[in-house]
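Asker: Okay, handing you the structure first.
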Amino acid sequence: MQRFVLLTALVVSAASAMAAPEIYVIDSSRTSSQFSYRYLGFSSQTNRFEKINGTVVLDRNSRSGSADITIDAMSVNTGQAMLDAQMKATDFFDAANYPVITFKSGKMSLSDEPSRLTGDLTIKGVTRPVTLAVTHFQCMQDPESRVDVCGANATLTLRRSDFNMGKYAFLVGDDITLSLALKAVRAPSYLQLASRDQVK
């Protein structure tokens, strides 16, 4: 009887371990963040942020999870130095006073159609609830690095005026589309990969 109880406990423990949520670390070198807007009412302009990091917690069994993402506002890149400076200034991101853009999500649903990532977006000190549409979600072993990775695309349309960035409305549209192309590495594999890179 004691053996049966012990065996049952081991099976339950093993099942719980297998079902435990896994932590993934965003691979900054393989992750991009872009934002696009209408300029003068007709042409679409797309710019990007060069630095993004964070973590994703994923429960594959329930196809749910959470995310904590940080974008460096100082890393905005328009391809033009003068426009970069304007984007970082007080009328827009005010990066000197608000150096990061954050998205904290406690609710990720990958079983719905479309998949969703719901949480709080903070830009320029203003926090608002938002929902990102998630597409092309997939987890696999990276054939190049041989580590466990997950990737996805996420998009959101917001109004910049909601985040105290409503200046120059006659030039730049109020609607902004934020797009994330994420690649995240499972935490133990990420440490292994980072260690390997340091050796090189």
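Residue numbers start at 1 in each chain; chains themselves are named A, B, ... in the order of the structure tokens; ligands are numbered from 1 in the order shown.
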Quick one: contact table of range 30-55 of chain A to range 80-95 of chain A, 12 Å max, nearest atom pair and distance in Å to one decimal per residue, counting only C-alpha atoms, chain and number order, as CSV?
Answerer:
```
residue,atom,partner,partner_atom,distance
A:Asn47,CA,A:Asp84,CA,9.7
A:Arg48,CA,A:Asp84,CA,10.4
A:Phe49,CA,A:Asp84,CA,10.5
```
Asker: Hey, which bits of range 58-96 of chain A sit within 12 Å of range 26-44 of chain A, and for each residue what's the closest pair of atoms and how far apart in Å (one decimal), counting only C-alpha atoms, rows by chain and increasing number, as JSON lines?
Answerer:
```
{"residue": "A:Ala67", "atom": "CA", "partner": "A:Ile26", "partner_atom": "CA", "distance": 9.9}
{"residue": "A:Asp68", "atom": "CA", "partner": "A:Ile26", "partner_atom": "CA", "distance": 9.7}
{"residue": "A:Ile69", "atom": "CA", "partner": "A:Ile26", "partner_atom": "CA", "distance": 8.4}
{"residue": "A:Thr70", "atom": "CA", "partner": "A:Ile26", "partner_atom": "CA", "distance": 10.0}
{"residue": "A:Ile71", "atom": "CA", "partner": "A:Ser33", "partner_atom": "CA", "distance": 8.1}
{"residue": "A:Asp72", "atom": "CA", "partner": "A:Ser33", "partner_atom": "CA", "distance": 10.2}
{"residue": "A:Ala73", "atom": "CA", "partner": "A:Ser33", "partner_atom": "CA", "distance": 11.0}
{"residue": "A:Ser75", "atom": "CA", "partner": "A:Ser33", "partner_atom": "CA", "distance": 10.5}
{"residue": "A:Val76", "atom": "CA", "partner": "A:Gln34", "partner_atom": "CA", "distance": 9.2}
{"residue": "A:Asn77", "atom": "CA", "partner": "A:Gln34", "partner_atom": "CA", "distance": 9.4}
{"residue": "A:Thr78", "atom": "CA", "partner": "A:Gln34", "partner_atom": "CA", "distance": 10.1}
```
Asker: Could you give me the residues within chain A that DSSP places in helix (DSSP H, G or I), as a PyMOL selection string?
Answerer: chain A and resi 2-19+28-30+73-75+81-88+160-163+187-199
Asker: My list of candidates is A:Pro129, A:Gly79, A:Gly65, A:Pro188. Which is closest to Asp162 in chain A when distances are computed with only C-alpha atoms?
Answerer: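 When distances to Asp162 in chain A are compared using only C-alpha atoms, the smallest one comes from A:Pro129.
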Asker: What is the distance, in Å and to one decimal place, between CA of Cys139 in chain A and CA of Asp112 in chain A?
Answerer: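 It comes out at 17.1 Å.
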Asker: Out of A:Thr102, A:Asn153, A:Asn97, A:Ser145, which residue has the shortest atom-to-atom distance to Leu182 in chain A when counting only C-alpha atoms?
Answerer: A:Asn153
Asker: Based on DSSP run over this structure's backbone, return all residues of chain A in strand (DSSP E), as a short mmCIF file (atom, residue, chain, number, x, y, z; two decimals) with N, CA and C atoms, in the first residue's frame.
Answerer:
```
data_model
loop_
_atom_site.label_atom_id
_atom_site.label_comp_id
_atom_site.auth_asym_id
_atom_site.auth_seq_id
_atom_site.Cartn_x
_atom_site.Cartn_y
_atom_site.Cartn_z
N GLU A 22 6.42 27.59 -18.36
CA GLU A 22 7.84 27.76 -18.68
C GLU A 22 8.13 29.24 -18.94
N ILE A 23 9.32 29.66 -18.53
CA ILE A 23 9.74 31.04 -18.73
C ILE A 23 10.61 31.15 -19.97
N TYR A 24 10.28 32.10 -20.83
CA TYR A 24 11.06 32.38 -22.03
C TYR A 24 11.59 33.80 -21.96
N VAL A 25 12.82 33.98 -22.37
CA VAL A 25 13.46 35.30 -22.36
C VAL A 25 13.51 35.83 -23.80
N ILE A 26 13.06 37.05 -24.00
CA ILE A 26 13.05 37.63 -25.35
C ILE A 26 14.47 37.77 -25.88
N SER A 32 11.80 42.43 -33.11
CA SER A 32 11.69 43.79 -33.64
C SER A 32 10.37 44.43 -33.21
N SER A 33 10.39 45.75 -33.13
CA SER A 33 9.21 46.52 -32.77
C SER A 33 9.08 47.70 -33.73
N GLN A 34 7.96 47.76 -34.43
CA GLN A 34 7.74 48.84 -35.39
C GLN A 34 6.45 49.57 -35.08
N PHE A 35 6.38 50.84 -35.51
CA PHE A 35 5.12 51.57 -35.40
C PHE A 35 4.91 52.35 -36.70
N SER A 36 3.68 52.38 -37.17
CA SER A 36 3.36 53.04 -38.43
C SER A 36 2.19 54.00 -38.25
N TYR A 37 2.15 55.01 -39.13
CA TYR A 37 1.13 56.05 -39.03
C TYR A 37 0.95 56.70 -40.39
N ARG A 38 -0.15 57.41 -40.54
CA ARG A 38 -0.42 58.13 -41.78
C ARG A 38 0.23 59.52 -41.72
N TYR A 39 0.92 59.88 -42.78
CA TYR A 39 1.55 61.19 -42.86
C TYR A 39 0.86 62.00 -43.94
N SER A 43 0.08 58.91 -47.14
CA SER A 43 1.18 57.95 -47.17
C SER A 43 1.41 57.35 -45.78
N SER A 44 1.77 56.08 -45.74
CA SER A 44 2.03 55.40 -44.48
C SER A 44 3.52 55.38 -44.20
N GLN A 45 3.90 55.82 -43.00
CA GLN A 45 5.30 55.84 -42.59
C GLN A 45 5.51 54.78 -41.52
N THR A 46 6.63 54.05 -41.60
CA THR A 46 6.95 53.02 -40.62
C THR A 46 8.32 53.27 -40.03
N ASN A 47 8.37 53.33 -38.71
CA ASN A 47 9.63 53.50 -37.98
C ASN A 47 9.79 52.33 -37.01
N ARG A 48 10.91 52.28 -36.30
CA ARG A 48 11.14 51.14 -35.43
C ARG A 48 11.89 51.54 -34.16
N PHE A 49 11.84 50.64 -33.22
CA PHE A 49 12.67 50.74 -32.01
C PHE A 49 13.73 49.65 -32.11
N ILE A 52 14.51 46.04 -27.48
CA ILE A 52 13.33 45.50 -26.82
C ILE A 52 13.74 44.27 -26.04
N ASN A 53 13.24 44.13 -24.83
CA ASN A 53 13.56 42.95 -24.03
C ASN A 53 12.39 42.62 -23.12
N GLY A 54 12.51 41.50 -22.40
CA GLY A 54 11.45 41.09 -21.50
C GLY A 54 11.35 39.59 -21.37
N THR A 55 10.27 39.13 -20.78
CA THR A 55 10.04 37.70 -20.56
C THR A 55 8.61 37.33 -20.92
N VAL A 56 8.45 36.07 -21.28
CA VAL A 56 7.13 35.50 -21.56
C VAL A 56 7.00 34.22 -20.74
N VAL A 57 5.90 34.08 -20.03
CA VAL A 57 5.61 32.85 -19.29
C VAL A 57 4.53 32.10 -20.05
N LEU A 58 4.81 30.84 -20.38
CA LEU A 58 3.93 30.08 -21.25
C LEU A 58 3.54 28.75 -20.62
N ASP A 59 2.23 28.50 -20.57
CA ASP A 59 1.70 27.21 -20.16
C ASP A 59 1.17 26.54 -21.42
N SER A 64 -1.97 29.23 -22.48
CA SER A 64 -2.15 30.53 -21.86
C SER A 64 -0.81 30.99 -21.30
N GLY A 65 -0.78 32.21 -20.77
CA GLY A 65 0.47 32.70 -20.21
C GLY A 65 0.41 34.18 -19.91
N SER A 66 1.58 34.79 -19.84
CA SER A 66 1.69 36.21 -19.53
C SER A 66 2.95 36.75 -20.18
N ALA A 67 3.11 38.07 -20.17
CA ALA A 67 4.27 38.69 -20.80
C ALA A 67 4.62 39.99 -20.10
N ASP A 68 5.91 40.29 -20.09
CA ASP A 68 6.40 41.55 -19.52
C ASP A 68 7.46 42.08 -20.50
N ILE A 69 7.09 43.11 -21.24
CA ILE A 69 7.92 43.58 -22.35
C ILE A 69 8.32 45.05 -22.13
N THR A 70 9.58 45.35 -22.40
CA THR A 70 10.09 46.72 -22.26
C THR A 70 10.74 47.17 -23.56
N ILE A 71 10.35 48.33 -24.04
CA ILE A 71 10.93 48.93 -25.25
C ILE A 71 11.69 50.18 -24.85
N ASP A 72 12.91 50.31 -25.33
CA ASP A 72 13.74 51.48 -25.05
C ASP A 72 13.31 52.63 -25.96
N VAL A 76 14.48 54.71 -30.66
CA VAL A 76 13.65 54.95 -31.85
C VAL A 76 14.53 55.28 -33.05
N ASN A 77 14.19 54.68 -34.19
CA ASN A 77 14.99 54.83 -35.40
C ASN A 77 14.07 55.10 -36.59
N VAL A 100 11.43 54.40 -21.10
CA VAL A 100 10.96 53.08 -21.55
C VAL A 100 9.45 53.08 -21.79
N ILE A 101 9.07 52.22 -22.71
CA ILE A 101 7.66 51.89 -22.97
C ILE A 101 7.47 50.48 -22.46
N THR A 102 6.44 50.25 -21.64
CA THR A 102 6.26 48.92 -21.07
C THR A 102 4.89 48.34 -21.41
N PHE A 103 4.87 47.03 -21.55
CA PHE A 103 3.61 46.30 -21.72
C PHE A 103 3.65 45.12 -20.75
N LYS A 104 2.71 45.11 -19.81
CA LYS A 104 2.64 44.05 -18.82
C LYS A 104 1.31 43.34 -18.96
N SER A 105 1.38 42.07 -19.30
CA SER A 105 0.17 41.29 -19.54
C SER A 105 0.07 40.12 -18.58
N GLY A 106 -1.06 40.02 -17.91
CA GLY A 106 -1.30 38.87 -17.05
C GLY A 106 -2.22 37.86 -17.71
N LYS A 107 -2.61 38.12 -18.96
CA LYS A 107 -3.56 37.25 -19.62
C LYS A 107 -3.19 37.04 -21.09
N MET A 108 -2.74 35.84 -21.40
CA MET A 108 -2.47 35.45 -22.77
C MET A 108 -3.36 34.25 -23.10
N SER A 109 -4.14 34.36 -24.16
CA SER A 109 -5.00 33.27 -24.58
C SER A 109 -4.64 32.88 -26.00
N SER A 115 -5.86 34.64 -31.36
CA SER A 115 -5.19 34.62 -30.07
C SER A 115 -5.01 36.05 -29.59
N ARG A 116 -4.98 36.23 -28.26
CA ARG A 116 -4.94 37.58 -27.71
C ARG A 116 -3.95 37.68 -26.56
N LEU A 117 -3.43 38.89 -26.40
CA LEU A 117 -2.54 39.21 -25.29
C LEU A 117 -3.07 40.50 -24.67
N THR A 118 -3.63 40.41 -23.48
CA THR A 118 -4.29 41.55 -22.85
C THR A 118 -3.47 42.04 -21.66
N GLY A 119 -3.31 43.36 -21.55
CA GLY A 119 -2.54 43.88 -20.43
C GLY A 119 -2.53 45.40 -20.42
N ASP A 120 -1.55 45.97 -19.72
CA ASP A 120 -1.44 47.42 -19.57
C ASP A 120 -0.24 47.94 -20.35
N LEU A 121 -0.49 48.91 -21.21
CA LEU A 121 0.54 49.56 -22.00
C LEU A 121 0.84 50.93 -21.39
N THR A 122 2.11 51.20 -21.11
CA THR A 122 2.50 52.49 -20.55
C THR A 122 3.44 53.22 -21.50
N ILE A 123 3.01 54.39 -21.94
CA ILE A 123 3.82 55.25 -22.81
C ILE A 123 3.79 56.65 -22.22
N VAL A 126 1.71 57.35 -19.13
CA VAL A 126 0.27 57.10 -19.19
C VAL A 126 0.05 55.60 -19.39
N THR A 127 -0.78 54.99 -18.54
CA THR A 127 -1.05 53.55 -18.62
C THR A 127 -2.49 53.32 -19.03
N ARG A 128 -2.67 52.48 -20.06
CA ARG A 128 -4.02 52.15 -20.52
C ARG A 128 -4.12 50.66 -20.83
N PRO A 129 -5.30 50.06 -20.59
CA PRO A 129 -5.49 48.65 -20.93
C PRO A 129 -5.60 48.47 -22.44
N VAL A 130 -4.94 47.47 -22.97
CA VAL A 130 -4.96 47.22 -24.40
C VAL A 130 -5.00 45.71 -24.65
N THR A 131 -5.36 45.34 -25.87
CA THR A 131 -5.34 43.94 -26.28
C THR A 131 -4.62 43.82 -27.61
N LEU A 132 -3.58 43.00 -27.65
CA LEU A 132 -2.83 42.76 -28.87
C LEU A 132 -3.35 41.49 -29.54
N ALA A 133 -3.50 41.53 -30.86
CA ALA A 133 -3.85 40.34 -31.63
C ALA A 133 -2.56 39.56 -31.92
N VAL A 134 -2.55 38.27 -31.61
CA VAL A 134 -1.37 37.43 -31.77
C VAL A 134 -1.55 36.48 -32.95
N THR A 135 -0.56 36.44 -33.84
CA THR A 135 -0.61 35.54 -34.99
C THR A 135 0.73 34.82 -35.13
N HIS A 136 0.72 33.75 -35.92
CA HIS A 136 1.93 32.99 -36.25
C HIS A 136 2.68 32.51 -35.00
N PHE A 137 1.92 32.12 -33.98
CA PHE A 137 2.56 31.61 -32.76
C PHE A 137 3.06 30.19 -32.99
N GLN A 138 4.31 29.94 -32.61
CA GLN A 138 4.88 28.61 -32.77
C GLN A 138 6.06 28.41 -31.82
N CYS A 139 6.16 27.20 -31.26
CA CYS A 139 7.31 26.82 -30.43
C CYS A 139 8.01 25.62 -31.07
N MET A 140 9.33 25.63 -31.04
CA MET A 140 10.10 24.57 -31.66
C MET A 140 11.55 24.66 -31.21
N GLN A 141 12.36 23.72 -31.66
CA GLN A 141 13.80 23.82 -31.43
C GLN A 141 14.42 24.56 -32.61
N ASP A 148 15.38 25.69 -27.37
CA ASP A 148 13.93 25.78 -27.44
C ASP A 148 13.50 27.23 -27.56
N VAL A 149 12.72 27.54 -28.59
CA VAL A 149 12.30 28.91 -28.82
C VAL A 149 10.80 28.96 -29.13
N CYS A 150 10.21 30.11 -28.91
CA CYS A 150 8.85 30.40 -29.33
C CYS A 150 8.86 31.72 -30.09
N GLY A 151 8.02 31.82 -31.09
CA GLY A 151 7.93 33.05 -31.87
C GLY A 151 6.48 33.42 -32.13
N ALA A 152 6.23 34.69 -32.32
CA ALA A 152 4.88 35.17 -32.62
C ALA A 152 4.93 36.59 -33.13
N ASN A 153 3.88 36.98 -33.81
CA ASN A 153 3.67 38.37 -34.20
C ASN A 153 2.50 38.91 -33.39
N ALA A 154 2.60 40.16 -32.97
CA ALA A 154 1.51 40.78 -32.21
C ALA A 154 1.30 42.21 -32.71
N THR A 155 0.05 42.61 -32.88
CA THR A 155 -0.24 43.94 -33.39
C THR A 155 -1.32 44.63 -32.55
N LEU A 156 -1.26 45.94 -32.57
CA LEU A 156 -2.20 46.76 -31.79
C LEU A 156 -2.33 48.11 -32.48
N THR A 157 -3.56 48.62 -32.58
CA THR A 157 -3.79 49.98 -33.06
C THR A 157 -4.25 50.84 -31.89
N LEU A 158 -3.55 51.96 -31.67
CA LEU A 158 -3.87 52.85 -30.56
C LEU A 158 -3.91 54.29 -31.05
N ARG A 159 -4.42 55.17 -30.20
CA ARG A 159 -4.43 56.59 -30.52
C ARG A 159 -3.33 57.28 -29.74
N ASP A 175 -4.07 57.65 -35.28
CA ASP A 175 -4.00 56.20 -35.15
C ASP A 175 -2.58 55.69 -35.42
N ILE A 176 -2.06 54.92 -34.48
CA ILE A 176 -0.73 54.33 -34.60
C ILE A 176 -0.86 52.82 -34.52
N THR A 177 -0.23 52.11 -35.44
CA THR A 177 -0.21 50.65 -35.39
C THR A 177 1.15 50.19 -34.87
N LEU A 178 1.11 49.51 -33.74
CA LEU A 178 2.33 48.98 -33.12
C LEU A 178 2.42 47.50 -33.44
N SER A 179 3.56 47.08 -33.99
CA SER A 179 3.76 45.68 -34.38
C SER A 179 5.00 45.11 -33.71
N LEU A 180 4.84 43.92 -33.15
CA LEU A 180 5.95 43.23 -32.51
C LEU A 180 6.18 41.89 -33.21
N ALA A 181 7.42 41.60 -33.54
CA ALA A 181 7.80 40.29 -34.06
C ALA A 181 8.73 39.70 -33.02
N LEU A 182 8.19 38.77 -32.20
CA LEU A 182 8.91 38.29 -31.03
C LEU A 182 9.54 36.92 -31.24
N LYS A 183 10.75 36.78 -30.73
CA LYS A 183 11.38 35.47 -30.60
C LYS A 183 11.88 35.38 -29.16
N ALA A 184 11.47 34.33 -28.46
CA ALA A 184 11.86 34.16 -27.06
C ALA A 184 12.46 32.77 -26.86
N VAL A 185 13.49 32.72 -26.02
CA VAL A 185 14.23 31.48 -25.78
C VAL A 185 13.91 30.98 -24.38
N ARG A 186 13.64 29.67 -24.26
CA ARG A 186 13.33 29.11 -22.94
C ARG A 186 14.48 29.39 -21.99
#
```
Asker: One decimal, Å: what's the distance from CA of Pro114 in chain A over to CA of Ala20 in chain A, could you say?
Answerer: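 Distance between the two atoms: 24.3 Å.
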Asker: So the first atom is CA of Ser111 in chain A and the second is CA of Arg63 in chain A; what is the distance between them in Å, to one decimal place?
Answerer: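 Taking CA of Ser111 in chain A and CA of Arg63 in chain A, their separation equals 5.9 Å.
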